[in-house]
Each structure stands twice: as structure tokens, then as C-alpha cells.
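Chemist: Data: query34.cif, mmCIF, C-alpha atoms.
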```cif
data_start
#
loop_
_atom_site.label_atom_id
_atom_site.label_comp_id
_atom_site.auth_asym_id
_atom_site.auth_seq_id
_atom_site.Cartn_x
_atom_site.Cartn_y
_atom_site.Cartn_z
CA MET P 22 -4.54 -27.98 14.75
CA GLU P 23 -3.34 -24.40 14.48
CA ARG P 24 -0.54 -24.03 11.95
CA PHE P 25 0.77 -21.02 13.82
CA GLY P 26 0.07 -19.01 16.94
CA TYR P 27 -0.50 -15.31 17.31
CA VAL P 28 0.82 -12.78 19.76
CA ARG P 29 0.34 -9.01 19.76
CA ALA P 30 3.13 -6.66 20.80
CA ALA P 31 2.24 -3.38 22.53
CA THR P 32 5.71 -1.82 22.33
CA ILE P 33 8.88 -2.17 20.26
CA SER P 34 10.74 -3.76 23.17
CA GLU P 35 7.93 -6.26 23.70
CA ALA P 36 8.03 -7.09 19.97
CA LEU P 37 11.79 -7.73 20.18
CA THR P 38 11.26 -9.96 23.23
CA PHE P 39 8.59 -11.98 21.41
CA LEU P 40 10.64 -12.20 18.22
CA ASN P 41 13.62 -13.60 20.13
CA GLN P 42 11.76 -15.87 22.55
CA PRO P 43 13.38 -19.32 22.40
CA GLY P 44 11.23 -22.25 21.31
CA TYR P 45 9.37 -20.33 18.61
CA LYS P 46 9.96 -19.72 14.95
CA ASN P 47 8.66 -16.17 14.87
CA ARG P 48 7.76 -13.83 12.07
CA PRO P 49 6.68 -10.19 12.40
CA LEU P 50 3.19 -9.45 11.07
CA ALA P 51 2.51 -5.86 10.01
CA GLY P 52 -0.20 -5.23 7.41
CA SER P 53 -0.65 -8.98 6.82
CA THR P 54 -1.45 -8.49 3.12
CA ASP P 55 1.72 -10.32 2.01
CA LEU P 56 2.36 -12.61 5.00
CA VAL P 57 -1.13 -14.17 5.15
CA LEU P 58 -0.75 -15.28 1.53
CA LEU P 59 2.84 -16.51 2.11
CA LEU P 60 1.72 -18.55 5.13
CA ARG P 61 -1.04 -20.18 3.10
CA ARG P 62 1.50 -21.34 0.52
CA ASN P 63 4.25 -22.15 2.99
CA PRO P 64 2.95 -23.09 6.44
CA ASP P 65 6.48 -23.92 7.66
CA LEU P 66 7.52 -20.29 7.39
CA CYS P 67 6.92 -19.76 11.11
CA ASP P 68 5.01 -21.23 14.03
CA ARG P 69 4.06 -17.90 15.53
CA VAL P 70 3.32 -14.46 14.13
CA VAL P 71 4.15 -11.39 16.21
CA ASP P 72 1.66 -8.63 15.39
CA ILE P 73 3.53 -5.31 15.25
CA SER P 74 0.77 -3.39 13.48
CA LEU P 75 -0.75 -1.88 16.64
CA ILE P 76 2.42 -0.56 18.29
CA PRO P 77 1.70 3.18 18.66
CA GLU P 78 5.38 4.25 18.47
CA MET P 79 5.67 2.48 15.12
CA HIS P 80 2.93 4.66 13.61
CA THR P 81 4.56 7.98 14.44
CA ILE P 82 5.39 10.27 11.53
CA GLU P 83 7.44 13.23 12.72
CA LYS P 84 9.82 15.96 11.64
CA THR P 85 13.09 16.06 13.61
CA GLY P 86 15.30 18.94 12.51
CA ASN P 87 15.68 18.51 8.77
CA ASP P 88 14.69 14.84 8.81
CA VAL P 89 11.36 13.06 8.59
CA ILE P 90 10.96 9.79 10.50
CA ILE P 91 8.21 7.36 9.51
CA GLY P 92 7.26 4.50 11.83
CA ALA P 93 7.51 1.20 9.94
CA SER P 94 3.92 0.22 10.80
CA ALA P 95 2.47 3.35 9.16
CA SER P 96 -0.01 2.19 6.53
CA PHE P 97 0.08 3.49 2.97
CA SER P 98 -3.16 5.37 3.75
CA GLU P 99 -1.55 7.01 6.79
CA ILE P 100 1.39 8.14 4.63
CA ILE P 101 -0.85 9.41 1.81
CA SER P 102 -2.86 11.58 4.21
CA ASN P 103 0.06 12.77 6.34
CA PRO P 104 0.68 16.54 5.98
CA ILE P 105 4.41 16.29 6.81
CA ILE P 106 5.11 13.75 4.06
CA ARG P 107 2.78 15.50 1.59
CA GLU P 108 4.86 18.64 2.06
CA THR P 109 8.39 17.21 2.31
CA GLY P 110 8.27 13.96 0.33
CA PRO P 111 5.39 14.12 -2.17
CA ILE P 112 7.15 11.53 -4.35
CA LEU P 113 6.57 8.95 -1.59
CA VAL P 114 2.90 9.95 -1.40
CA GLU P 115 2.56 9.45 -5.17
CA ALA P 116 4.23 6.03 -4.93
CA CYS P 117 2.00 4.91 -2.04
CA LYS P 118 -1.13 6.04 -3.93
CA THR P 119 -0.34 3.51 -6.67
CA VAL P 120 -0.33 0.55 -4.25
CA GLY P 121 -3.29 -1.85 -4.69
CA ALA P 122 -6.60 -0.24 -3.78
CA THR P 123 -8.12 1.32 -0.66
CA GLN P 124 -8.36 -2.01 1.19
CA ILE P 125 -4.67 -2.85 0.62
CA ARG P 126 -3.51 0.71 1.37
CA ASN P 127 -5.45 0.69 4.66
CA MET P 128 -3.66 -2.48 5.81
CA GLY P 129 -0.31 -2.60 4.01
CA THR P 130 2.58 -0.83 5.73
CA ILE P 131 5.65 0.98 4.49
CA GLY P 132 7.87 -1.22 6.69
CA GLY P 133 6.27 -4.36 5.31
CA ASN P 134 6.80 -3.14 1.76
CA VAL P 135 10.51 -2.59 2.49
CA ALA P 136 11.09 -5.74 4.59
CA ASN P 137 9.21 -7.98 2.16
CA ALA P 138 11.36 -6.36 -0.55
CA ALA P 139 9.40 -7.51 -3.59
CA ALA P 140 11.08 -6.48 -6.84
CA CYS P 141 7.85 -4.65 -7.72
CA ALA P 142 7.40 -2.90 -4.33
CA ASP P 143 6.04 0.54 -5.19
CA SER P 144 7.44 2.47 -2.24
CA LEU P 145 11.04 1.29 -2.71
CA PRO P 146 12.05 3.49 -5.69
CA ALA P 147 10.63 6.57 -3.96
CA LEU P 148 12.42 5.77 -0.69
CA VAL P 149 15.74 5.15 -2.47
CA CYS P 150 15.26 8.37 -4.43
CA LEU P 151 14.85 10.20 -1.11
CA ASP P 152 18.07 8.47 0.13
CA ALA P 153 15.98 7.05 2.97
CA MET P 154 17.65 5.26 5.88
CA ALA P 155 16.17 2.21 7.60
CA ARG P 156 16.56 1.68 11.36
CA VAL P 157 16.69 -1.97 12.38
CA LEU P 158 16.78 -3.12 16.01
CA THR P 159 17.70 -6.42 17.64
CA PRO P 160 17.65 -6.93 21.43
CA SER P 161 21.33 -5.91 21.60
CA GLU P 162 22.14 -3.94 18.45
CA GLU P 163 20.97 -1.09 16.26
CA PHE P 164 21.64 -0.90 12.52
CA ASN P 165 21.15 2.08 10.24
CA TRP P 166 21.30 1.19 6.56
CA THR P 167 20.20 3.04 3.50
CA VAL P 168 17.14 1.36 2.02
CA SER P 169 19.29 0.53 -0.99
CA GLU P 170 21.81 -1.30 1.27
CA LEU P 171 19.06 -2.99 3.29
CA VAL P 172 17.47 -4.63 0.26
CA ILE P 173 20.00 -7.12 -1.09
CA SER P 174 17.88 -8.69 -3.82
CA PRO P 175 14.18 -9.46 -4.35
CA ASN P 176 12.66 -10.73 -1.06
CA LYS P 177 16.08 -10.65 0.63
CA THR P 178 17.20 -8.03 3.16
CA ARG P 179 19.96 -7.54 5.73
CA ILE P 180 17.46 -7.66 8.62
CA PRO P 181 18.92 -10.32 10.94
CA ALA P 182 16.80 -13.12 12.41
CA GLY P 183 14.92 -11.69 15.38
CA GLY P 184 15.53 -8.14 14.11
CA LEU P 185 12.83 -5.59 13.49
CA LEU P 186 12.65 -2.72 11.01
CA VAL P 187 11.26 0.04 13.23
CA SER P 188 11.42 3.20 11.14
CA LEU P 189 12.47 4.92 7.94
CA ARG P 190 14.07 8.32 7.79
CA TYR P 191 14.81 10.78 5.00
CA THR P 192 16.41 14.19 4.89
CA ILE P 193 14.05 16.83 3.49
CA PRO P 194 15.32 17.78 0.01
CA PRO P 195 16.29 21.48 -0.43
CA SER P 196 13.52 23.87 -1.48
CA GLY P 197 13.01 23.99 -5.23
CA THR P 198 13.35 20.22 -5.48
CA ARG P 199 10.70 18.56 -7.61
CA GLY P 200 9.90 14.84 -7.60
CA VAL P 201 7.97 12.65 -10.04
CA PHE P 202 6.88 9.02 -9.66
CA LEU P 203 5.50 7.06 -12.62
CA LYS P 204 4.16 3.53 -12.63
CA LEU P 205 3.43 1.25 -15.54
CA GLY P 206 0.91 -1.48 -14.79
CA ARG P 207 -1.74 -3.39 -16.69
CA ARG P 208 -4.51 -1.27 -15.22
CA ASN P 209 -4.83 1.68 -12.86
CA ALA P 210 -5.88 -0.07 -9.66
CA MET P 211 -4.71 -3.33 -8.09
CA ALA P 212 -1.86 -3.52 -10.59
CA ILE P 213 1.48 -5.14 -9.92
CA SER P 214 3.99 -2.70 -11.32
CA ARG P 215 5.77 -3.74 -14.51
CA LEU P 216 8.06 -0.72 -14.26
CA THR P 217 8.28 2.28 -11.98
CA VAL P 218 10.52 5.33 -12.10
CA ALA P 219 11.21 7.83 -9.35
CA ALA P 220 13.05 11.03 -10.21
CA LEU P 221 13.98 13.98 -8.04
CA GLY P 222 15.88 17.10 -9.01
CA ARG P 223 16.59 20.79 -8.64
CA LEU P 224 18.02 23.59 -10.80
CA ASP P 225 20.60 26.12 -9.62
CA GLU P 226 20.19 29.90 -10.00
CA ASN P 227 21.65 29.70 -13.54
CA GLY P 228 19.07 27.17 -14.66
CA ARG P 229 21.54 24.27 -14.62
CA ILE P 230 20.78 20.93 -12.99
CA ALA P 231 22.15 21.04 -9.44
CA ASP P 232 20.69 17.77 -8.16
CA ALA P 233 19.41 14.73 -10.02
CA ARG P 234 18.36 11.44 -8.44
CA PHE P 235 16.92 8.64 -10.50
CA VAL P 236 15.71 5.17 -9.47
CA THR P 237 13.68 2.52 -11.26
CA GLY P 238 11.66 -0.33 -9.77
CA SER P 239 10.83 -3.74 -11.27
CA ALA P 240 13.78 -3.20 -13.64
CA ALA P 241 16.77 -4.71 -11.89
CA PRO P 242 17.50 -7.20 -9.09
CA GLN P 243 18.96 -4.46 -6.91
CA ILE P 244 17.10 -1.28 -6.11
CA CYS P 245 19.64 1.51 -6.57
CA ARG P 246 20.15 4.96 -8.02
CA PHE P 247 21.14 4.97 -11.69
CA LYS P 248 24.40 6.92 -11.45
CA ASP P 249 25.06 7.14 -15.22
CA VAL P 250 21.70 8.80 -15.74
CA GLU P 251 22.30 11.21 -12.85
CA THR P 252 25.85 12.11 -13.97
CA SER P 253 24.64 12.83 -17.51
CA LEU P 254 22.28 15.46 -16.13
CA LEU P 255 24.35 17.27 -13.48
CA GLY P 256 25.54 20.75 -14.50
CA GLN P 257 23.53 20.68 -17.74
CA VAL P 258 20.79 22.98 -18.94
CA PRO P 259 17.68 20.78 -19.25
CA THR P 260 16.49 20.27 -22.83
CA PRO P 261 14.20 17.66 -24.42
CA ALA P 262 17.27 16.14 -26.15
CA LEU P 263 19.04 15.73 -22.80
CA MET P 264 15.97 13.97 -21.36
CA LEU P 265 15.79 11.61 -24.35
CA ALA P 266 19.48 10.77 -23.97
CA ALA P 267 18.94 10.09 -20.25
CA GLY P 268 16.15 7.68 -21.17
CA LYS P 269 18.55 5.73 -23.39
CA LEU P 270 21.18 5.65 -20.60
CA ALA P 271 18.58 4.29 -18.17
CA THR P 272 17.83 1.36 -20.48
CA GLU P 273 21.56 0.62 -20.87
CA GLU P 274 21.98 0.60 -17.09
CA MET P 275 18.95 -1.70 -16.69
CA ILE P 276 20.39 -4.20 -19.20
CA ARG P 277 23.79 -4.03 -17.50
CA LEU P 278 22.20 -4.81 -14.10
CA SER P 279 19.70 -7.48 -15.09
CA GLY P 280 20.91 -8.80 -18.44
CA TYR P 281 18.80 -9.03 -21.57
CA ARG P 282 15.65 -10.90 -20.55
CA TRP P 283 12.49 -12.09 -22.28
CA SER P 284 10.76 -8.94 -21.08
CA SER P 285 13.53 -6.56 -22.17
CA GLU P 286 12.03 -6.07 -25.61
CA TYR P 287 9.03 -4.49 -23.89
CA LYS P 288 10.83 -2.87 -20.99
CA VAL P 289 13.54 -1.06 -22.97
CA PRO P 290 11.25 1.28 -24.96
CA ALA P 291 8.92 1.64 -21.96
CA LEU P 292 11.73 2.60 -19.57
CA ALA P 293 13.24 5.02 -22.10
CA ALA P 294 9.91 6.82 -22.49
CA MET P 295 9.09 6.79 -18.76
CA THR P 296 12.56 8.09 -17.86
CA SER P 297 12.49 11.00 -20.28
CA ARG P 298 8.89 11.79 -19.30
CA ALA P 299 9.62 11.79 -15.57
CA LEU P 300 12.83 13.84 -15.93
CA SER P 301 11.08 16.32 -18.27
CA ARG P 302 8.44 16.87 -15.59
CA VAL P 303 11.06 17.24 -12.85
CA PHE P 304 13.08 19.81 -14.83
CA GLN P 305 10.04 21.42 -16.50
CA VAL P 306 10.96 20.96 -20.13
CA ARG P 307 8.64 19.98 -22.98
CA GLU P 308 8.06 16.23 -22.89
CA PRO P 309 9.64 14.46 -25.85
CA SER P 310 6.91 13.16 -28.17
CA GLY P 311 6.44 9.40 -28.28
CA GLU P 312 9.74 8.64 -29.96
CA VAL P 313 11.08 5.17 -29.36
CA VAL P 314 14.79 5.24 -28.64
CA MET G 7 -7.50 -18.59 21.25
CA ILE G 8 -10.16 -16.51 22.99
CA PHE G 9 -11.76 -13.77 20.93
CA ASP G 10 -13.33 -10.67 22.42
CA LEU G 11 -14.41 -8.16 19.81
CA ILE G 12 -17.34 -6.06 18.64
CA VAL G 13 -19.05 -7.20 15.45
CA ASN G 14 -21.89 -5.03 14.14
CA GLU G 15 -22.14 -3.26 17.51
CA GLU G 16 -22.54 -6.56 19.37
CA PRO G 17 -19.89 -7.89 21.76
CA ILE G 18 -18.63 -11.32 20.70
CA HIS G 19 -16.89 -13.69 23.10
CA THR G 20 -15.85 -17.00 21.53
CA GLU G 21 -13.02 -19.42 20.97
CA ALA G 22 -11.51 -20.01 17.52
CA PRO G 23 -8.13 -20.97 16.04
CA ALA G 24 -5.47 -18.24 15.86
CA ASP G 25 -4.51 -19.02 12.27
CA ILE G 26 -7.78 -18.41 10.43
CA SER G 27 -8.62 -15.38 8.34
CA LEU G 28 -11.15 -12.83 9.52
CA LEU G 29 -13.28 -13.90 6.53
CA HIS G 30 -13.52 -17.50 7.75
CA PHE G 31 -14.04 -16.39 11.33
CA LEU G 32 -17.02 -14.28 10.23
CA ARG G 33 -18.52 -16.87 7.89
CA ASP G 34 -17.78 -20.18 9.63
CA HIS G 35 -17.67 -19.24 13.31
CA LEU G 36 -20.16 -16.37 13.50
CA LYS G 37 -22.31 -17.57 10.56
CA LEU G 38 -22.27 -14.07 9.07
CA THR G 39 -22.32 -15.26 5.47
CA GLY G 40 -23.08 -11.87 3.92
CA THR G 41 -19.32 -11.36 3.60
CA LYS G 42 -18.35 -13.23 0.43
CA GLU G 43 -15.29 -15.22 -0.51
CA GLY G 44 -14.34 -14.38 -4.08
CA CYS G 45 -10.66 -14.71 -4.91
CA ASN G 46 -9.32 -15.17 -1.34
CA VAL G 47 -6.12 -13.32 -2.33
CA GLY G 48 -7.17 -9.68 -1.95
CA GLU G 49 -7.90 -8.96 -5.61
CA CYS G 50 -11.71 -8.85 -5.79
CA GLY G 51 -12.97 -7.03 -2.68
CA ALA G 52 -16.01 -9.29 -2.18
CA CYS G 53 -14.82 -9.94 1.39
CA SER G 54 -14.52 -6.23 2.30
CA VAL G 55 -15.47 -5.28 5.84
CA LEU G 56 -14.80 -2.29 8.07
CA LEU G 57 -12.16 -2.75 10.78
CA ASP G 58 -12.17 0.19 13.22
CA GLY G 59 -13.99 2.10 10.46
CA LYS G 60 -11.43 1.34 7.75
CA LEU G 61 -12.18 -0.74 4.66
CA VAL G 62 -10.08 -3.95 4.62
CA ASN G 63 -10.06 -7.29 2.81
CA SER G 64 -11.14 -9.82 5.44
CA CYS G 65 -9.44 -12.62 3.46
CA LEU G 66 -6.00 -10.99 3.92
CA ILE G 67 -6.28 -10.33 7.62
CA LEU G 68 -6.12 -12.81 10.47
CA ALA G 69 -9.15 -12.97 12.74
CA ALA G 70 -6.64 -12.55 15.58
CA GLN G 71 -5.72 -9.10 14.26
CA ALA G 72 -9.34 -8.01 14.75
CA ASN G 73 -9.40 -9.17 18.37
CA GLY G 74 -10.37 -6.34 20.73
CA ARG G 75 -11.43 -4.18 17.79
CA ARG G 76 -14.66 -3.21 15.97
CA VAL G 77 -15.78 -4.98 12.82
CA VAL G 78 -18.73 -4.00 10.63
CA THR G 79 -19.99 -6.46 8.02
CA ILE G 80 -22.84 -6.09 5.54
CA GLU G 81 -25.18 -7.49 8.22
CA GLY G 82 -24.41 -4.34 10.22
CA ILE G 83 -25.50 -1.99 7.42
CA HIS G 84 -29.27 -1.45 7.39
CA ALA G 85 -32.01 1.08 8.10
CA GLU G 86 -33.36 1.43 11.63
CA ASP G 87 -36.27 -0.92 10.79
CA GLY G 88 -33.85 -3.60 9.57
CA GLY G 89 -34.60 -3.01 5.87
CA PRO G 90 -32.17 -1.59 3.31
CA ASN G 91 -30.55 1.75 4.21
CA ASP G 92 -30.42 4.69 1.80
CA LEU G 93 -27.30 3.44 0.00
CA GLN G 94 -28.70 -0.07 -0.37
CA GLN G 95 -32.03 1.39 -1.57
CA ALA G 96 -30.14 3.43 -4.17
CA PHE G 97 -28.35 0.26 -5.37
CA ILE G 98 -31.82 -1.23 -5.98
CA GLU G 99 -33.23 1.90 -7.65
CA TYR G 100 -30.27 2.40 -9.98
CA GLY G 101 -30.08 -1.25 -11.07
CA ALA G 102 -26.65 -1.58 -9.46
CA VAL G 103 -27.28 -5.18 -8.41
CA GLN G 104 -27.29 -8.06 -10.86
CA CYS G 105 -25.88 -11.36 -9.59
CA GLY G 106 -25.24 -9.67 -6.26
CA PHE G 107 -22.04 -11.42 -5.24
CA CYS G 108 -19.89 -8.27 -5.14
CA ILE G 109 -22.59 -6.10 -3.56
CA PRO G 110 -21.79 -6.60 0.17
CA GLY G 111 -18.23 -5.45 -0.54
CA MET G 112 -19.42 -2.65 -2.83
CA VAL G 113 -21.84 -1.32 -0.21
CA LEU G 114 -19.11 -1.33 2.45
CA ALA G 115 -16.69 0.41 0.06
CA GLY G 116 -19.41 2.99 -0.61
CA GLU G 117 -20.09 3.48 3.11
CA ALA G 118 -16.35 3.80 3.84
CA LEU G 119 -16.10 6.52 1.20
CA LEU G 120 -19.20 8.42 2.33
CA ASN G 121 -18.06 8.28 5.96
CA SER G 122 -14.90 10.21 5.06
CA ASN G 123 -16.09 12.24 2.05
CA ILE G 124 -19.70 13.37 1.87
CA ASN G 125 -19.24 15.13 -1.48
CA PRO G 126 -17.18 12.78 -3.68
CA THR G 127 -16.58 13.37 -7.37
CA ARG G 128 -17.27 10.53 -9.81
CA ALA G 129 -13.51 9.99 -10.07
CA GLU G 130 -13.27 9.70 -6.28
CA ILE G 131 -16.12 7.17 -6.25
CA ARG G 132 -14.41 5.11 -8.95
CA GLU G 133 -11.14 5.26 -6.98
CA ALA G 134 -12.99 4.19 -3.79
CA ILE G 135 -14.41 1.05 -5.45
CA ALA G 136 -11.27 0.27 -7.48
CA GLY G 137 -10.55 -2.70 -5.21
CA ASN G 138 -14.01 -4.22 -5.76
CA LEU G 139 -14.62 -6.26 -8.89
CA CYS G 140 -18.08 -6.49 -10.46
CA ARG G 141 -18.44 -8.70 -13.52
CA CYS G 142 -22.10 -7.84 -14.21
CA THR G 143 -22.95 -4.17 -14.09
CA GLY G 144 -20.07 -2.38 -15.76
CA TYR G 145 -19.85 -0.21 -12.61
CA GLN G 146 -21.79 2.81 -13.95
CA GLN G 147 -24.94 2.00 -11.99
CA ILE G 148 -22.90 1.41 -8.83
CA VAL G 149 -21.18 4.78 -9.21
CA ASP G 150 -24.61 6.38 -9.89
CA ALA G 151 -26.07 4.81 -6.72
CA ILE G 152 -23.21 6.01 -4.52
CA GLN G 153 -23.34 9.49 -6.05
CA ALA G 154 -27.12 9.74 -5.57
CA THR G 155 -26.75 8.66 -1.94
CA ALA G 156 -24.04 11.26 -1.37
CA LEU G 157 -26.36 13.99 -2.70
CA LYS G 158 -29.28 12.76 -0.56
CA ARG G 159 -27.14 12.64 2.56
CA GLN G 160 -25.87 16.17 1.87
CA GLU G 161 -29.46 17.40 1.53
CA LYS G 162 -30.46 15.61 4.70
CA GLY G 163 -27.43 17.13 6.46
CA ARG G 164 -28.56 20.61 5.39
CA ARG G 165 -32.14 19.97 6.59
CA ASP G 166 -31.13 18.58 9.99
#
```
Since I need it in another form, could you write the structure as C-alpha cells?
Modeler:
Amino acid sequence: MERFGYVRAATISEALTFLNQPGYKNRPLAGSTDLVLLLRRNPDLCDRVVDISLIPEMHTIEKTGNDVIIGASASFSEIISNPIIRETGPILVEACKTVGATQIRNMGTIGGNVANAAACADSLPALVCLDAMARVLTPSEEFNWTVSELVISPNKTRIPAGGLLVSLRYTIPPSGTRGVFLKLGRRNAMAISRLTVAALGRLDENGRIADARFVTGSAAPQICRFKDVETSLLGQVPTPALMLAAGKLATEEMIRLSGYRWSSEYKVPALAAMTSRALSRVFQVREPSGEVV
Amino acid sequence: MIFDLIVNEEPIHTEAPADISLLHFLRDHLKLTGTKEGCNVGECGACSVLLDGKLVNSCLILAAQANGRRVVTIEGIHAEDGGPNDLQQAFIEYGAVQCGFCIPGMVLAGEALLNSNINPTRAEIREAIAGNLCRCTGYQQIVDAIQATALKRQEKGRRD
């Protein structure tokens, strides 16, 4: 007997109709790379999957005014090769490049990465760094949350039952903004991230830091900007010492958010080094040599 | 459910459950056993096939997702006479095949790369097969075979 049925939606409104059709326990299916494995472990998860991966309007990537809108069913490969995102949000391109390997990037979607909300999701730190908004629809309502608000904790989001994440949107950072994404994994390809950092920033005409955004992934239960790190940088002239100090602040914020865990002994020096390295590249100062804070 | 799709340029019309992976549909229902089951969790790439021209892990995709679309498996990669094509011949010449289990996936990863990039660097070749595990060769011979095929296809392109 089939453990679950399959239905393919051609439009967003058809997907919402399917997802809210009484008598079924539905689940949206995008890239399938996570859900197929989940369904194998937990067949009671749903009795029907609603395929949203072939809805054309959910693959659109477009510039509207100063914003970029990415359809939630866009695959990592589509994002990596998209000229609009390469120009306006290269940090997201770098993050998507670190996902799995070609096969996973061809199937896996940005919306699936956000909605599945794994603690190690590679696109999340980049999206939060870009202050991306998520648009969620139900048959009667529309919600617009920041990605940071949408993701409550690992594998838990605000998306209501029968709701669908349809797109992500970010405002193009001002010119002169530089972004850096770093990932620490056990190998280069197919690696689940142990730590990621996303940093974005800009200097003013006097060479002082005018904008600093800093997010880490796989470090804390919530995905959020590290405000202490950002505040320590704003208005300052970037120096290697400032970047080292920011690295130490990042580790303190991680411990405050997630407590001291078995992995902290490894993660603290790694996060300190990754933070100062990423920020040094953003603000173009000499990278501090391998000092352990 | 009813399946209508194109596999290796041939139209397929058959009935199969909606909840099976594309890998099991290919192997158990169509008896195309060239596609291998290695890890069955998307780590090893032995099950790689082309779906609408894109390299995917057939173990991580439902057969239903491929309905109405085009699938190419290793059985669909061959020379006009049915023998090995130039890439497969290069795998033989360069000693890129030992136990052979990863090779169907490797060949499809190589074809997917060469379809989009006729002049790949060694780094690009390594990146293209990063999702395909080989426990025998150490990869060098596989990279050599793909690189040699790229050069031959470029030469052929210039001649034609």
C-alpha cells in the first residue's frame, strides 16, 4: 500500500487549495532532498505530498525597485547562476555554493532550506545577514516576516498549517558594501556545516565602519544577527585588533545564546578565528594571524 | 499512479506506487539496473541520473516528481553502435574503472559537466564529481578521463 499520495501543483493558488483540502494530511514537497529522507524515517508525517517544485511563479528571481525577490522553489543552482543575485547578493551565492554537491544543489531549494530550518542550513545566515523577508501565504492571509522571525528554533518555523512560503525578498545593500561567507565543515563537498559565518559591511567616506551585519549558523538555536559584534564595529576605523576583539565578542554571544556545550571547546576558538577572518575580509584589513583568543 | 515519462529517449507508460523513489522505479519497475543504490541518502552519487538534463540523486527524488519529464540513465549513454561512447572509452583507457560500482554515476556527472562546460579546468572537474564517491581509484584517473574527453570533444567541435 502507498504510504502517501502525490499531487503536483501548477500554480501557487492550486498549491494552497491542495494543502488545505480536507481529508488529507498534506506536506509541501520542494526539492525533496530533506523530505524524502524524513518520510522514510517517519511515514506518519503526511499522507500526501504536494509538489510545489514545478510552479513557474515560484522560480522567478526579479529586481523590483531596490529589492530582489526570489521564488521559494528556486534551486541552489538557479541562485548560484542568477546574474541579479550574483550582482546584488553575492554572499547568498557563496552560501548556496557550499550546499552539498551538484546533485543536491540542482534539487534543493532556497525555500526548502528556510522552511526546513535545520540549525546547519547554509543559506540561513546569508539571508539573515541580508535582512531578508519571507512571504508566507494561506488561503485567507498573507504574512511577511524577517527570516530571523520566521525561524523560531531548529526545524521549527512560524509557517501555519496549510501555509506556504512563496518567496524571499531582500533590499539591495548600498554600493560599497562587501559580504563574506565562510563555512567550516569536515570536508569541502557534501559537508554538514559545523559553523558558518556571514558578514556584510561598508565604510563611510572617512574610512569608518558605517554598516556592519554579522550572523553565524550552527552556533545557536536561533538564527539572528549578533548585535554586540555589530555595535563594537560601528563608527570605528577597522584594524586587525578590532577584528580580533569582534571574534571574542562573537564567541561570548554564542555561549550566551546556546550555553556551554560539549562542542564549545572546539567551536569557541573556531568561531573567534572565522569571525575575525570574515570581518577582516569585509573591511579589507590584514587578517590576524592564527592567534587563538 | 499512472506514469508517463521519457526514459533514455523512449516513452514509458506504466503504473507504479506514488511513494517510491525514482531509483527504485528505474531499477525495480523498468529493470534499468545500471543506476546503483549505494547509500540511499544522497551522499554517494552512485544513483545519479539526469532529470531534464540536470544531474540529480535518484534516491532522493520521488518517481512521481519525474512524471512527464525526461530521465537519462547510464543505459542511455552510449555510442551510436551501442558500445561505449567517448567518455566511457576514456574511462577504460585511463584506468578510471576498478570495482565499477560508482562508474554509472561518475559517467553521468561527467556528461552533465561536459554538456554545460566544454572546457573545464581540473578544479571544475573535481567540483563536478564532488558528490560522487569512489573508494577504488583515488579519483585522479577519473578526472584524467573527463579532461581527455573534454579536449577530444573540443577538437571534434573545431573539425566539424
Chemist: Let me make sure I understand: among P:Leu185, P:Ala210, P:Thr38, P:Lys288, which one has the smallest atom-to-atom distance to chain G if we use all atoms listed in the file?
Modeler: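 Ranked by minimum distance to chain G, first place goes to P:Ala210.
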Chemist: Nearest to chain G among P:Leu300, P:Met211, P:Cys117, P:Ala51, with distances taken over all atoms listed in the file: which residue is it?
Modeler: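 Nearest to chain G: P:Met211.
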Chemist: Counting only C-alpha atoms, which residues from chain P have an atom at most 10 Å from any atom of chain G, and could you show them as a PyMOL selection string?
Modeler: chain P and resi 22-29+50-58+60-61+68-70+72+74-75+121-129+209-212
Chemist: For this structure, which residues satisfy the selection - the PyMOL selection byres ((chain G and resi 92) around 10) - when it is evaluated on the file as given? I want them as a PyMOL selection string.
Modeler: chain G and resi 84-85+89-91+93-98+151-152+154-156+158-159
Chemist: Do you have the CA of Gly163 (chain G)-CA of Ser102 (chain P) distance handy?
Modeler: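 CA of Ser102 (chain P) lies at a distance of 25.3 Å from CA of Gly163 (chain G).
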